[in-house]
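Here is structure.pdb, consisting of PDB, C-alpha atoms:
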ATOM      1  CA  MET A   1      21.320  -7.707 -30.749
ATOM      2  CA  ALA A   2      18.284  -8.891 -28.810
ATOM      3  CA  HIS A   3      15.989 -11.409 -30.451
ATOM      4  CA  ILE A   4      13.139 -13.803 -29.801
ATOM      5  CA  ALA A   5      12.210 -17.303 -30.938
ATOM      6  CA  ILE A   6       8.578 -18.275 -31.544
ATOM      7  CA  ASP A   7       7.457 -21.902 -31.605
ATOM      8  CA  SER A   8       4.881 -21.826 -34.393
ATOM      9  CA  THR A   9       3.540 -25.250 -33.431
ATOM     10  CA  ARG A  10       2.503 -24.086 -29.958
ATOM     11  CA  CYS A  11       1.029 -20.793 -31.194
ATOM     12  CA  LYS A  12      -2.780 -20.458 -31.276
ATOM     13  CA  GLY A  13      -2.773 -17.039 -32.918
ATOM     14  CA  CYS A  14      -4.287 -15.246 -29.936
ATOM     15  CA  GLU A  15      -2.470 -11.974 -30.770
ATOM     16  CA  ARG A  16      -1.468 -11.319 -27.150
ATOM     17  CA  CYS A  17       2.238 -11.114 -28.052
ATOM     18  CA  ILE A  18       1.479  -8.752 -30.961
ATOM     19  CA  VAL A  19      -0.355  -6.393 -28.614
ATOM     20  CA  ALA A  20       2.368  -6.663 -25.948
ATOM     21  CA  CYS A  21       5.316  -5.875 -28.232
ATOM     22  CA  PRO A  22       6.145  -2.138 -27.895
ATOM     23  CA  LYS A  23       8.131  -2.140 -31.167
ATOM     24  CA  ASP A  24       5.592  -3.846 -33.468
ATOM     25  CA  LEU A  25       8.001  -6.664 -34.350
ATOM     26  CA  ILE A  26       5.510  -9.570 -34.328
ATOM     27  CA  HIS A  27       2.800 -10.181 -36.919
ATOM     28  CA  PHE A  28       0.462 -12.885 -38.154
ATOM     29  CA  SER A  29       1.996 -15.258 -40.689
ATOM     30  CA  HIS A  30      -1.345 -15.703 -42.539
ATOM     31  CA  GLU A  31      -0.493 -19.391 -42.705
ATOM     32  CA  LEU A  32      -1.886 -22.217 -40.611
ATOM     33  CA  ASN A  33       0.207 -24.449 -38.393
ATOM     34  CA  ASP A  34      -0.424 -28.173 -37.990
ATOM     35  CA  ARG A  35      -3.159 -27.491 -35.455
ATOM     36  CA  GLY A  36      -5.025 -25.123 -37.751
ATOM     37  CA  TYR A  37      -4.083 -21.809 -36.144
ATOM     38  CA  ASP A  38      -2.831 -18.665 -37.903
ATOM     39  CA  TYR A  39       0.485 -18.504 -36.061
ATOM     40  CA  VAL A  40       2.620 -15.418 -35.476
ATOM     41  CA  VAL A  41       6.153 -14.666 -36.674
ATOM     42  CA  TYR A  42       8.953 -12.378 -35.550
ATOM     43  CA  ASP A  43       9.539 -10.419 -38.749
ATOM     44  CA  GLY A  44      10.142  -6.821 -37.684
ATOM     45  CA  ASP A  45      13.482  -5.004 -37.699
ATOM     46  CA  PRO A  46      15.675  -7.052 -35.315
ATOM     47  CA  ALA A  47      17.680  -3.948 -34.465
ATOM     48  CA  LEU A  48      14.623  -2.544 -32.687
ATOM     49  CA  CYS A  49      14.165  -5.474 -30.300
ATOM     50  CA  THR A  50      15.206  -4.578 -26.742
ATOM     51  CA  GLY A  51      14.674  -8.024 -25.236
ATOM     52  CA  CYS A  52      11.967  -6.662 -22.931
ATOM     53  CA  SER A  53      10.244 -10.099 -22.821
ATOM     54  CA  LEU A  54       6.725  -8.623 -22.723
ATOM     55  CA  CYS A  55       5.750 -10.829 -25.656
ATOM     56  CA  ALA A  56       6.791 -13.963 -23.787
ATOM     57  CA  VAL A  57       5.148 -12.814 -20.558
ATOM     58  CA  ALA A  58       1.846 -12.310 -22.402
ATOM     59  CA  CYS A  59       1.990 -15.653 -24.243
ATOM     60  CA  PRO A  60      -0.356 -18.261 -22.714
ATOM     61  CA  ASP A  61       1.155 -21.167 -24.629
ATOM     62  CA  GLN A  62       4.835 -21.378 -23.599
ATOM     63  CA  GLY A  63       5.688 -20.471 -27.174
ATOM     64  CA  ILE A  64       8.260 -17.646 -26.935
ATOM     65  CA  GLU A  65      11.807 -17.372 -25.607
ATOM     66  CA  VAL A  66      13.915 -14.192 -25.518
ATOM     67  CA  TRP A  67      17.609 -13.239 -25.706
ATOM     68  CA  ASN A  68      19.054  -9.813 -24.865
ATOM     69  CA  ASN A  69      21.582  -7.792 -26.880
ATOM     70  CA  LYS A  70      24.444  -9.739 -25.281
ATOM     71  CA  ASP A  71      22.936 -12.997 -26.551
ATOM     72  CA  LYS A  72      22.019 -14.022 -23.019
ATOM     73  CA  GLN A  73      18.691 -15.802 -22.723
ATOM     74  CA  VAL A  74      16.534 -13.617 -20.485
ATOM     75  CA  PHE A  75      13.227 -15.469 -20.781
ATOM     76  CA  VAL A  76      13.373 -19.249 -20.452
ATOM     77  CA  ASN A  77      10.250 -21.375 -20.235
ATOM     78  CA  THR A  78       9.910 -22.841 -16.758
ATOM     79  CA  THR A  79      10.710 -26.449 -15.923
ATOM     80  CA  GLY A  80       7.705 -26.366 -13.593
ATOM     81  CA  LEU A  81       5.450 -27.124 -16.571
ATOM     82  CA  THR A  82       5.442 -30.150 -18.832
ATOM     83  CA  GLU A  83       5.950 -29.902 -22.582
ATOM     84  CA  ARG A  84       2.329 -30.867 -23.247
ATOM     85  CA  MET A  85       0.380 -28.263 -25.230
ATOM     86  CA  THR A  86      -2.733 -27.049 -23.454
ATOM     87  CA  HIS A  87      -6.327 -27.560 -24.548
ATOM     88  CA  TYR A  88      -7.355 -23.987 -23.691
ATOM     89  CA  CYS A  89      -9.015 -21.724 -26.258
ATOM     90  CA  PRO A  90      -6.899 -19.069 -28.025
ATOM     91  CA  GLY A  91      -6.373 -16.089 -25.733
ATOM     92  CA  CYS A  92      -7.453 -17.902 -22.569
ATOM     93  CA  THR A  93      -5.340 -16.681 -19.672
ATOM     94  CA  HIS A  94      -5.183 -20.034 -17.858
ATOM     95  CA  GLY A  95      -1.893 -20.684 -19.638
ATOM     96  CA  VAL A  96      -0.400 -17.430 -18.332
ATOM     97  CA  VAL A  97      -1.365 -18.226 -14.738
ATOM     98  CA  HIS A  98      -0.064 -21.798 -15.056
ATOM     99  CA  ARG A  99       3.301 -20.473 -16.196
ATOM    100  CA  ILE A 100       3.570 -17.764 -13.539
ATOM    101  CA  THR A 101       2.666 -20.228 -10.780
ATOM    102  CA  ALA A 102       5.323 -22.687 -11.965
ATOM    103  CA  GLU A 103       7.913 -19.909 -12.339
ATOM    104  CA  VAL A 104       7.396 -18.720  -8.770
ATOM    105  CA  LEU A 105       7.656 -22.225  -7.351
ATOM    106  CA  GLN A 106      10.807 -22.865  -9.382
ATOM    107  CA  GLU A 107      12.440 -19.583  -8.361
ATOM    108  CA  LEU A 108      11.661 -20.245  -4.688
ATOM    109  CA  GLY A 109      13.114 -23.764  -4.949
ATOM    110  CA  LEU A 110       9.802 -25.361  -3.993
ATOM    111  CA  LEU A 111       9.004 -27.532  -7.018
ATOM    112  CA  GLY A 112      10.266 -30.697  -5.368
ATOM    113  CA  ARG A 113       7.802 -30.492  -2.483
ATOM    114  CA  THR A 114       4.773 -28.957  -4.163
ATOM    115  CA  VAL A 115       1.387 -30.629  -4.617
ATOM    116  CA  GLY A 116      -1.436 -28.965  -6.534
ATOM    117  CA  VAL A 117      -5.171 -29.656  -6.541
ATOM    118  CA  ALA A 118      -6.971 -29.407  -9.892
ATOM    119  CA  PRO A 119     -10.629 -28.322 -10.086
ATOM    120  CA  VAL A 120     -13.648 -29.272 -12.130
ATOM    121  CA  GLY A 121     -13.884 -26.717 -14.927
ATOM    122  CA  CYS A 122     -11.710 -25.552 -17.791
ATOM    123  CA  ALA A 123      -8.564 -26.318 -15.766
ATOM    124  CA  VAL A 124      -9.659 -29.877 -14.985
ATOM    125  CA  LEU A 125      -6.604 -31.168 -16.889
ATOM    126  CA  ALA A 126      -4.124 -28.985 -14.987
ATOM    127  CA  TYR A 127      -2.399 -32.165 -13.818
ATOM    128  CA  GLU A 128      -1.300 -32.683 -17.442
ATOM    129  CA  TYR A 129       0.495 -29.324 -17.507
ATOM    130  CA  PHE A 130       2.125 -28.835 -14.098
ATOM    131  CA  GLY A 131       5.340 -30.771 -13.687
ATOM    132  CA  PHE A 132       4.737 -31.988 -10.140
ATOM    133  CA  ASP A 133       2.219 -34.121  -8.255
ATOM    134  CA  MET A 134      -1.448 -33.125  -8.528
ATOM    135  CA  PHE A 135      -4.716 -34.270  -7.002
ATOM    136  CA  GLU A 136      -8.037 -34.082  -8.867
ATOM    137  CA  ALA A 137     -10.831 -32.881  -6.588
ATOM    138  CA  ALA A 138     -14.594 -33.253  -6.856
ATOM    139  CA  HIS A 139     -16.414 -30.099  -7.966
ATOM    140  CA  GLY A 140     -15.748 -27.299  -5.482
ATOM    141  CA  ARG A 141     -13.925 -29.508  -2.992
ATOM    142  CA  ALA A 142     -10.318 -28.594  -3.801
ATOM    143  CA  PRO A 143      -9.797 -26.677  -0.511
ATOM    144  CA  ALA A 144     -10.901 -29.747   1.466
ATOM    145  CA  VAL A 145      -8.462 -31.960  -0.442
ATOM    146  CA  ALA A 146      -5.720 -29.369   0.102
ATOM    147  CA  THR A 147      -6.519 -29.274   3.826
ATOM    148  CA  GLY A 148      -6.103 -33.038   4.096
ATOM    149  CA  ALA A 149      -2.819 -33.014   2.195
ATOM    150  CA  LYS A 150      -1.349 -30.173   4.228
ATOM    151  CA  ARG A 151      -2.387 -31.588   7.592
ATOM    152  CA  ALA A 152      -1.057 -35.027   6.719
ATOM    153  CA  ARG A 153       2.182 -33.683   5.198
ATOM    154  CA  PRO A 154       2.770 -30.177   6.620
ATOM    155  CA  GLU A 155       6.184 -29.941   4.956
ATOM    156  CA  LEU A 156       4.527 -29.872   1.515
ATOM    157  CA  ILE A 157       3.622 -26.741  -0.406
ATOM    158  CA  VAL A 158      -0.047 -27.246  -1.275
ATOM    159  CA  PHE A 159      -2.175 -25.102  -3.560
ATOM    160  CA  THR A 160      -5.540 -25.286  -5.257
ATOM    161  CA  TYR A 161      -6.227 -23.939  -8.729
ATOM    162  CA  GLN A 162      -9.919 -23.088  -9.201
ATOM    163  CA  GLY A 163     -12.331 -21.162 -11.385
ATOM    164  CA  ASP A 164     -15.291 -19.069 -10.312
ATOM    165  CA  GLY A 165     -17.889 -21.774 -10.993
ATOM    166  CA  ASP A 166     -15.875 -24.253  -8.940
ATOM    167  CA  LEU A 167     -14.929 -21.976  -6.046
ATOM    168  CA  ALA A 168     -17.606 -19.283  -5.850
ATOM    169  CA  ALA A 169     -20.663 -21.482  -6.505
ATOM    170  CA  ILE A 170     -20.625 -25.120  -5.447
ATOM    171  CA  GLY A 171     -17.391 -24.571  -3.495
ATOM    172  CA  THR A 172     -18.363 -21.452  -1.503
ATOM    173  CA  ASN A 173     -18.743 -23.402   1.739
ATOM    174  CA  GLU A 174     -15.334 -25.017   1.284
ATOM    175  CA  ILE A 175     -13.402 -21.814   0.654
ATOM    176  CA  ILE A 176     -15.012 -19.855   3.493
ATOM    177  CA  HIS A 177     -14.283 -22.491   6.114
ATOM    178  CA  THR A 178     -10.785 -23.246   4.813
ATOM    179  CA  ALA A 179      -9.954 -19.552   5.114
ATOM    180  CA  ASN A 180     -11.659 -19.242   8.489
ATOM    181  CA  ARG A 181      -9.673 -22.186   9.886
ATOM    182  CA  GLY A 182      -6.487 -20.566   8.640
ATOM    183  CA  GLU A 183      -5.283 -23.615   6.751
ATOM    184  CA  LYS A 184      -1.698 -23.058   5.597
ATOM    185  CA  VAL A 185      -2.467 -23.588   1.918
ATOM    186  CA  THR A 186      -2.568 -21.313  -1.117
ATOM    187  CA  VAL A 187      -5.677 -20.873  -3.253
ATOM    188  CA  ILE A 188      -5.385 -19.510  -6.800
ATOM    189  CA  PHE A 189      -8.804 -18.364  -7.974
ATOM    190  CA  LEU A 190      -9.442 -17.483 -11.634
ATOM    191  CA  ASN A 191     -12.389 -15.155 -12.137
ATOM    192  CA  ASN A 192     -13.617 -14.756 -15.707
ATOM    193  CA  ALA A 193     -17.175 -13.840 -14.670
ATOM    194  CA  ILE A 194     -18.714 -16.863 -16.404
ATOM    195  CA  TYR A 195     -18.924 -20.643 -16.493
ATOM    196  CA  GLY A 196     -16.370 -21.574 -19.147
ATOM    197  CA  MET A 197     -16.277 -25.333 -19.668
ATOM    198  CA  THR A 198     -20.041 -25.889 -19.617
ATOM    199  CA  GLY A 199     -20.995 -23.290 -22.217
ATOM    200  CA  GLY A 200     -20.940 -19.755 -20.859
ATOM    201  CA  GLN A 201     -23.654 -19.754 -18.204
ATOM    202  CA  MET A 202     -24.100 -17.064 -15.550
ATOM    203  CA  ALA A 203     -21.731 -17.536 -12.602
ATOM    204  CA  PRO A 204     -21.776 -16.015  -9.108
ATOM    205  CA  THR A 205     -19.142 -13.566 -10.417
ATOM    206  CA  THR A 206     -21.106 -12.521 -13.547
ATOM    207  CA  LEU A 207     -21.519  -8.750 -13.556
ATOM    208  CA  ALA A 208     -24.852  -6.950 -13.369
ATOM    209  CA  GLY A 209     -26.266  -6.721 -16.874
ATOM    210  CA  GLN A 210     -23.725  -9.131 -18.337
ATOM    211  CA  VAL A 211     -25.161 -11.357 -21.050
ATOM    212  CA  THR A 212     -24.583 -15.106 -20.747
ATOM    213  CA  THR A 213     -26.331 -18.183 -22.135
ATOM    214  CA  THR A 214     -28.540 -18.323 -19.033
ATOM    215  CA  SER A 215     -28.988 -14.540 -18.727
ATOM    216  CA  PRO A 216     -29.652 -13.567 -22.373
ATOM    217  CA  PHE A 217     -31.005 -10.186 -21.298
ATOM    218  CA  GLY A 218     -28.185  -9.579 -18.838
ATOM    219  CA  ARG A 219     -27.828 -10.490 -15.159
ATOM    220  CA  ASN A 220     -30.868  -9.165 -13.327
ATOM    221  CA  VAL A 221     -29.708  -8.274  -9.827
ATOM    222  CA  GLN A 222     -33.310  -8.225  -8.588
ATOM    223  CA  ASP A 223     -33.489 -11.955  -9.246
ATOM    224  CA  ALA A 224     -29.847 -13.132  -9.084
ATOM    225  CA  GLY A 225     -28.253 -10.600  -6.736
ATOM    226  CA  GLU A 226     -25.005  -8.758  -7.376
ATOM    227  CA  ALA A 227     -21.776 -10.449  -8.403
ATOM    228  CA  ILE A 228     -19.865 -11.877  -5.438
ATOM    229  CA  ARG A 229     -16.537 -10.282  -4.564
ATOM    230  CA  VAL A 230     -14.710 -13.220  -3.028
ATOM    231  CA  CYS A 231     -11.585 -11.332  -1.892
ATOM    232  CA  GLU A 232     -13.628  -8.730  -0.056
ATOM    233  CA  MET A 233     -15.788 -11.436   1.548
ATOM    234  CA  LEU A 234     -12.837 -13.493   2.807
ATOM    235  CA  ALA A 235     -11.027 -10.379   4.037
ATOM    236  CA  THR A 236     -13.785  -9.823   6.626
ATOM    237  CA  LEU A 237     -12.827 -13.011   8.471
ATOM    238  CA  LYS A 238     -10.896 -12.482  11.692
ATOM    239  CA  THR A 239      -8.401 -15.262  10.929
ATOM    240  CA  PRO A 240      -5.007 -13.954   9.685
ATOM    241  CA  ALA A 241      -4.544 -14.330   5.940
ATOM    242  CA  PHE A 242      -3.009 -12.902   2.800
ATOM    243  CA  ILE A 243      -5.821 -11.968   0.391
ATOM    244  CA  ALA A 244      -5.050 -10.294  -2.942
ATOM    245  CA  ARG A 245      -6.407  -9.757  -6.450
ATOM    246  CA  GLY A 246      -4.380  -9.407  -9.645
ATOM    247  CA  THR A 247      -4.974  -9.786 -13.356
ATOM    248  CA  ALA A 248      -3.524 -11.845 -16.205
ATOM    249  CA  HIS A 249      -5.156 -10.027 -19.109
ATOM    250  CA  ASP A 250      -1.974  -8.268 -20.256
ATOM    251  CA  ALA A 251       1.787  -8.466 -19.785
ATOM    252  CA  LYS A 252       2.066  -5.687 -17.218
ATOM    253  CA  GLY A 253      -0.711  -7.220 -15.170
ATOM    254  CA  ALA A 254       0.984 -10.607 -15.343
ATOM    255  CA  ILE A 255       4.229  -9.141 -14.001
ATOM    256  CA  LYS A 256       2.401  -7.670 -10.990
ATOM    257  CA  LEU A 257       0.448 -10.895 -10.516
ATOM    258  CA  LYS A 258       3.687 -12.833 -10.223
ATOM    259  CA  LYS A 259       4.706 -10.671  -7.272
ATOM    260  CA  LEU A 260       1.418 -11.452  -5.518
ATOM    261  CA  LEU A 261       1.805 -15.190  -6.096
ATOM    262  CA  ARG A 262       5.376 -15.050  -4.829
ATOM    263  CA  ARG A 263       4.207 -13.427  -1.602
ATOM    264  CA  ALA A 264       1.466 -16.024  -1.207
ATOM    265  CA  PHE A 265       3.841 -18.957  -1.567
ATOM    266  CA  GLU A 266       6.439 -17.296   0.669
ATOM    267  CA  TYR A 267       3.837 -16.964   3.425
ATOM    268  CA  GLN A 268       2.990 -20.643   3.044
ATOM    269  CA  ARG A 269       6.662 -21.631   2.955
ATOM    270  CA  ASP A 270       7.145 -19.769   6.236
ATOM    271  CA  ASN A 271       4.022 -21.398   7.735
ATOM    272  CA  THR A 272       2.472 -17.971   8.285
ATOM    273  CA  CYS A 273      -1.145 -18.086   7.183
ATOM    274  CA  PHE A 274      -3.810 -19.013   4.652
ATOM    275  CA  THR A 275      -3.154 -17.305   1.309
ATOM    276  CA  PHE A 276      -5.571 -16.487  -1.497
ATOM    277  CA  VAL A 277      -4.867 -14.840  -4.851
ATOM    278  CA  GLU A 278      -7.743 -14.020  -7.188
ATOM    279  CA  VAL A 279      -6.873 -13.514 -10.858
ATOM    280  CA  LEU A 280      -9.096 -11.571 -13.248
ATOM    281  CA  SER A 281      -9.089 -13.599 -16.446
ATOM    282  CA  THR A 282     -10.572 -13.514 -19.926
ATOM    283  CA  CYS A 283     -12.849 -15.996 -21.694
ATOM    284  CA  PRO A 284     -12.954 -14.834 -25.340
ATOM    285  CA  THR A 285     -14.909 -17.884 -26.511
ATOM    286  CA  ASN A 286     -17.837 -17.521 -24.129
ATOM    287  CA  TRP A 287     -17.719 -13.736 -24.108
ATOM    288  CA  GLY A 288     -18.117 -13.911 -27.896
ATOM    289  CA  CYS A 289     -15.179 -11.704 -28.818
ATOM    290  CA  SER A 290     -11.523 -11.791 -29.889
ATOM    291  CA  PRO A 291      -8.751 -12.153 -27.281
ATOM    292  CA  THR A 292      -7.828  -8.480 -27.723
ATOM    293  CA  GLU A 293     -11.443  -7.387 -27.320
ATOM    294  CA  ALA A 294     -11.709  -9.628 -24.249
ATOM    295  CA  SER A 295      -8.768  -7.866 -22.589
ATOM    296  CA  GLU A 296     -10.353  -4.505 -23.325
ATOM    297  CA  TRP A 297     -13.695  -5.698 -21.918
ATOM    298  CA  LEU A 298     -12.008  -6.889 -18.724
ATOM    299  CA  GLU A 299     -10.323  -3.512 -18.201
ATOM    300  CA  LYS A 300     -13.499  -1.568 -18.862
ATOM    301  CA  ASN A 301     -15.998  -3.728 -17.000
ATOM    302  CA  MET A 302     -14.340  -6.091 -14.531
ATOM    303  CA  MET A 303     -11.556  -3.999 -13.043
ATOM    304  CA  PRO A 304     -13.852  -1.210 -11.762
ATOM    305  CA  TYR A 305     -16.030  -3.762  -9.961
ATOM    306  CA  TYR A 306     -13.174  -6.057  -8.945
ATOM    307  CA  PRO A 307     -10.372  -3.631  -7.958
ATOM    308  CA  LEU A 308      -6.815  -4.942  -7.904
ATOM    309  CA  GLY A 309      -4.671  -4.949  -4.805
ATOM    310  CA  VAL A 310      -4.026  -6.544  -1.424
ATOM    311  CA  PHE A 311      -7.100  -6.772   0.800
ATOM    312  CA  LYS A 312      -5.595  -8.386   3.860
ATOM    313  CA  GLU A 313      -2.134  -9.179   5.193
ATOM    314  CA  PRO A 314      -0.994 -11.034   8.290
ATOM    315  CA  GLU A 315       0.395  -8.898  11.059
ATOM    316  CA  VAL A 316       4.163  -9.177  11.244
ATOM    317  CA  ALA A 317       5.590  -9.457  14.768
ATOM    318  CA  SER A 318       7.825  -6.521  15.579
TER     319      SER A 318
END
Serialized structure, structure tokens:
Amino acid sequence: MAHIAIDSTRCKGCERCIVACPKDLIHFSHELNDRGYDYVVYDGDPALCTGCSLCAVACPDQGIEVWNNKDKQVFVNTTGLTERMTHYCPGCTHGVVHRITAEVLQELGLLGRTVGVAPVGCAVLAYEYFGFDMFEAAHGRAPAVATGAKRARPELIVFTYQGDGDLAAIGTNEIIHTANRGEKVTVIFLNNAIYGMTGGQMAPTTLAGQVTTTSPFGRNVQDAGEAIRVCEMLATLKTPAFIARGTAHDAKGAIKLKKLLRRAFEYQRDNTCFTFVEVLSTCPTNWGCSPTEASEWLEKNMMPYYPLGVFKEPEVAS
């Protein structure tokens, strides 16, 4: 029969796997692990487990592995990440996007020639988690660093990993001109509509009316303007590119996001064009809610304003 294994030490009790499981087989242990989190356990009827892997796909902490009913392991944690446990808050979707990125690079056989560029922000320690070479860029300058790496070593697969404060505020100039030049790099842009690391301030992507520490009465568009839609902005450039937006807030969204990231890295592998994938993400800590409530808030508020999909594709020669 199918079954799963949960590493209680890695678990932060974010509940994402509990919500993802269609058979209600995972529950809180009501005990604390060594890091002080109420970890989850697989204690439902094992006969009901189908090995669907949705629990593992939703997990941001590399804490679940899955076997099918033939005792074949169907979800194995990627070798593209290190064993180091992340510093992210419970329910933060950075861990999901890290894992998906590493999985795609591993499946495409690109790990050995990949270089990433870490941002300033919550993912500033990304170089501790990805299992390949990483640069650390100054705030907002990751696309410039990526440009230098790719031009100097065009055989490398180069990507940046940036948040909305890093890319859409101080780094706006960098991303626009990198895209306009058509640099053959991949940019992964996490949008959680807030500044995360510095305490939950209003970001360029903060929605109209959204409360933050610097907009306690909600974003006033008369003073601050509307939230910036980066995908739509970059898609207006004439330069060929692949521009897409996905989400990491639930397992089904993560599965679709992986397909977008695969396409982005395939385009770079084939030296086709600049590629950009925006990821709608949650920030339960600074949104002041539970991880489950954060996912619900994203669906209700962010997805209508930031629609998912592909906004631009390079023309394929017939």
Check your understanding: Closest to Gly95 of chain A among A:His177, A:Arg10, A:His3, A:Lys72, using all atoms listed in the file?
Key ->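 Answer, going by the shortest atom-to-atom distance: A:Arg10.
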Exercise for review: Might you spell out which residues the PyMOL selection byres ((chain A and resi 41) around 12) would select in the displayed file, as a ChimeraX atom specification?
Suggested key: /A:4-9,11-13,15,17-18,24-33,38-40,42-44,55,63-64
Exercise for review: List the neighbours of Cys52 of chain A out to 9 Å using all atoms listed in the file; skip same-chain residues closer than 5 positions along the sequence, and give me the result as a list of chain:residue names.
Suggested key: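 Here the qualifying residues turn out to be A:Ala2, A:Cys21, A:Pro22, A:Val66, A:Asn68, A:Val74.
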Exercise for review: Quick one: pull the distance between atom CA of Cys92 of chain A and atom CA of Arg16 of chain A, Å, one decimal.
Suggested key: 10.0 Å
Review point. With all atoms listed in the file as the basis for distance, which of A:Ala254, A:Leu298, A:Ala227, A:Val316 is at the shortest distance from Leu54 of chain A?
Key: A:Ala254
**Study point:** Residues returned when the PyMOL selection byres ((chain A and resi 310) around 7) runs on this file, as a list in words
**Key:**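 Going through the file, the PyMOL selection byres ((chain A and resi 310) around 7) ends up selecting Ile243, Ala244, Arg245, Gly309, Phe311 and Lys312 of chain A.
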Practice item. Run the PyMOL selection byres ((chain A and resi 194-205) around 9) on the file and write out the hits as an NGL selection string. Key: :A and (120-123 or 163-166 or 168-169 or 191-193 or 206-207 or 210-215 or 219 or 224-230 or 283 or 285-287)
Review point. So which one's closest to Leu156 of chain A, A:Gln62, A:Ser295, A:Asn220, A:Asn271? Using all atoms listed in the file, please.
Key: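 Looking at the shortest contact to Leu156 of chain A, the residue is A:Asn271.
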Point to revise | Separation of atom CA of Glu128 of chain A from atom CA of Gly182 of chain A in Å | key: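 Computing the Euclidean distance for atom CA of Gly182 of chain A and atom CA of Glu128 of chain A yields 29.2 Å.
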Exercise for review: Fewer than 5 positions away in the same chain doesn't count, so skip those; otherwise give me all residues within 12 Å of Leu125 of chain A, counting all atoms listed in the file, as a PyMOL selection string.
Suggested key: chain A and resi 84-88+94-95+98+116-120+130+134-137+161-162+197
Using C-alpha atoms, can you export the residues from the last selection as a PDB file, in the coordinates of the input?
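Okay, selection_25.pdb is ready:
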ATOM      1  CA  ARG A  84       2.329 -30.867 -23.247  1.00  0.00           C
ATOM      2  CA  MET A  85       0.380 -28.263 -25.230  1.00  0.00           C
ATOM      3  CA  THR A  86      -2.733 -27.049 -23.454  1.00  0.00           C
ATOM      4  CA  HIS A  87      -6.327 -27.560 -24.548  1.00  0.00           C
ATOM      5  CA  TYR A  88      -7.355 -23.987 -23.691  1.00  0.00           C
ATOM      6  CA  HIS A  94      -5.183 -20.034 -17.858  1.00  0.00           C
ATOM      7  CA  GLY A  95      -1.893 -20.684 -19.638  1.00  0.00           C
ATOM      8  CA  HIS A  98      -0.064 -21.798 -15.056  1.00  0.00           C
ATOM      9  CA  GLY A 116      -1.436 -28.965  -6.534  1.00  0.00           C
ATOM     10  CA  VAL A 117      -5.171 -29.656  -6.541  1.00  0.00           C
ATOM     11  CA  ALA A 118      -6.971 -29.407  -9.892  1.00  0.00           C
ATOM     12  CA  PRO A 119     -10.629 -28.322 -10.086  1.00  0.00           C
ATOM     13  CA  VAL A 120     -13.648 -29.272 -12.130  1.00  0.00           C
ATOM     14  CA  PHE A 130       2.125 -28.835 -14.098  1.00  0.00           C
ATOM     15  CA  MET A 134      -1.448 -33.125  -8.528  1.00  0.00           C
ATOM     16  CA  PHE A 135      -4.716 -34.270  -7.002  1.00  0.00           C
ATOM     17  CA  GLU A 136      -8.037 -34.082  -8.867  1.00  0.00           C
ATOM     18  CA  ALA A 137     -10.831 -32.881  -6.588  1.00  0.00           C
ATOM     19  CA  TYR A 161      -6.227 -23.939  -8.729  1.00  0.00           C
ATOM     20  CA  GLN A 162      -9.919 -23.088  -9.201  1.00  0.00           C
ATOM     21  CA  MET A 197     -16.277 -25.333 -19.668  1.00  0.00           C
TER      22      MET A 197
END
Starting from the sparse input, extend segment 74-81 of chain A to N, CA, C and O atoms and give the output as a PDB file, in the frame of the given file.
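Output contents, as saved in selection_12.pdb:
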ATOM      1  N   VAL A  74      17.134 -14.317 -21.621  1.00  0.00           N
ATOM      2  CA  VAL A  74      16.534 -13.617 -20.485  1.00  0.00           C
ATOM      3  C   VAL A  74      15.123 -14.098 -20.180  1.00  0.00           C
ATOM      4  O   VAL A  74      14.566 -13.763 -19.134  1.00  0.00           O
ATOM      5  N   PHE A  75      14.518 -14.855 -21.084  1.00  0.00           N
ATOM      6  CA  PHE A  75      13.227 -15.469 -20.781  1.00  0.00           C
ATOM      7  C   PHE A  75      13.295 -16.924 -21.216  1.00  0.00           C
ATOM      8  O   PHE A  75      13.370 -17.234 -22.407  1.00  0.00           O
ATOM      9  N   VAL A  76      13.293 -17.810 -20.214  1.00  0.00           N
ATOM     10  CA  VAL A  76      13.373 -19.249 -20.452  1.00  0.00           C
ATOM     11  C   VAL A  76      12.095 -19.871 -19.926  1.00  0.00           C
ATOM     12  O   VAL A  76      11.668 -19.593 -18.801  1.00  0.00           O
ATOM     13  N   ASN A  77      11.464 -20.721 -20.705  1.00  0.00           N
ATOM     14  CA  ASN A  77      10.250 -21.375 -20.235  1.00  0.00           C
ATOM     15  C   ASN A  77      10.547 -22.256 -19.029  1.00  0.00           C
ATOM     16  O   ASN A  77      11.540 -22.978 -18.997  1.00  0.00           O
ATOM     17  N   THR A  78       9.690 -22.180 -18.044  1.00  0.00           N
ATOM     18  CA  THR A  78       9.910 -22.841 -16.758  1.00  0.00           C
ATOM     19  C   THR A  78       9.897 -24.364 -16.864  1.00  0.00           C
ATOM     20  O   THR A  78       9.131 -24.946 -17.646  1.00  0.00           O
ATOM     21  N   THR A  79      10.710 -24.989 -16.028  1.00  0.00           N
ATOM     22  CA  THR A  79      10.710 -26.449 -15.923  1.00  0.00           C
ATOM     23  C   THR A  79       9.572 -26.938 -15.030  1.00  0.00           C
ATOM     24  O   THR A  79       9.376 -28.139 -14.873  1.00  0.00           O
ATOM     25  N   GLY A  80       8.825 -25.996 -14.444  1.00  0.00           N
ATOM     26  CA  GLY A  80       7.705 -26.366 -13.593  1.00  0.00           C
ATOM     27  C   GLY A  80       6.477 -26.797 -14.370  1.00  0.00           C
ATOM     28  O   GLY A  80       5.491 -27.255 -13.778  1.00  0.00           O
ATOM     29  N   LEU A  81       6.525 -26.651 -15.713  1.00  0.00           N
ATOM     30  CA  LEU A  81       5.450 -27.124 -16.571  1.00  0.00           C
ATOM     31  C   LEU A  81       5.968 -28.236 -17.464  1.00  0.00           C
ATOM     32  O   LEU A  81       7.153 -28.289 -17.784  1.00  0.00           O
TER      33      LEU A  81
END
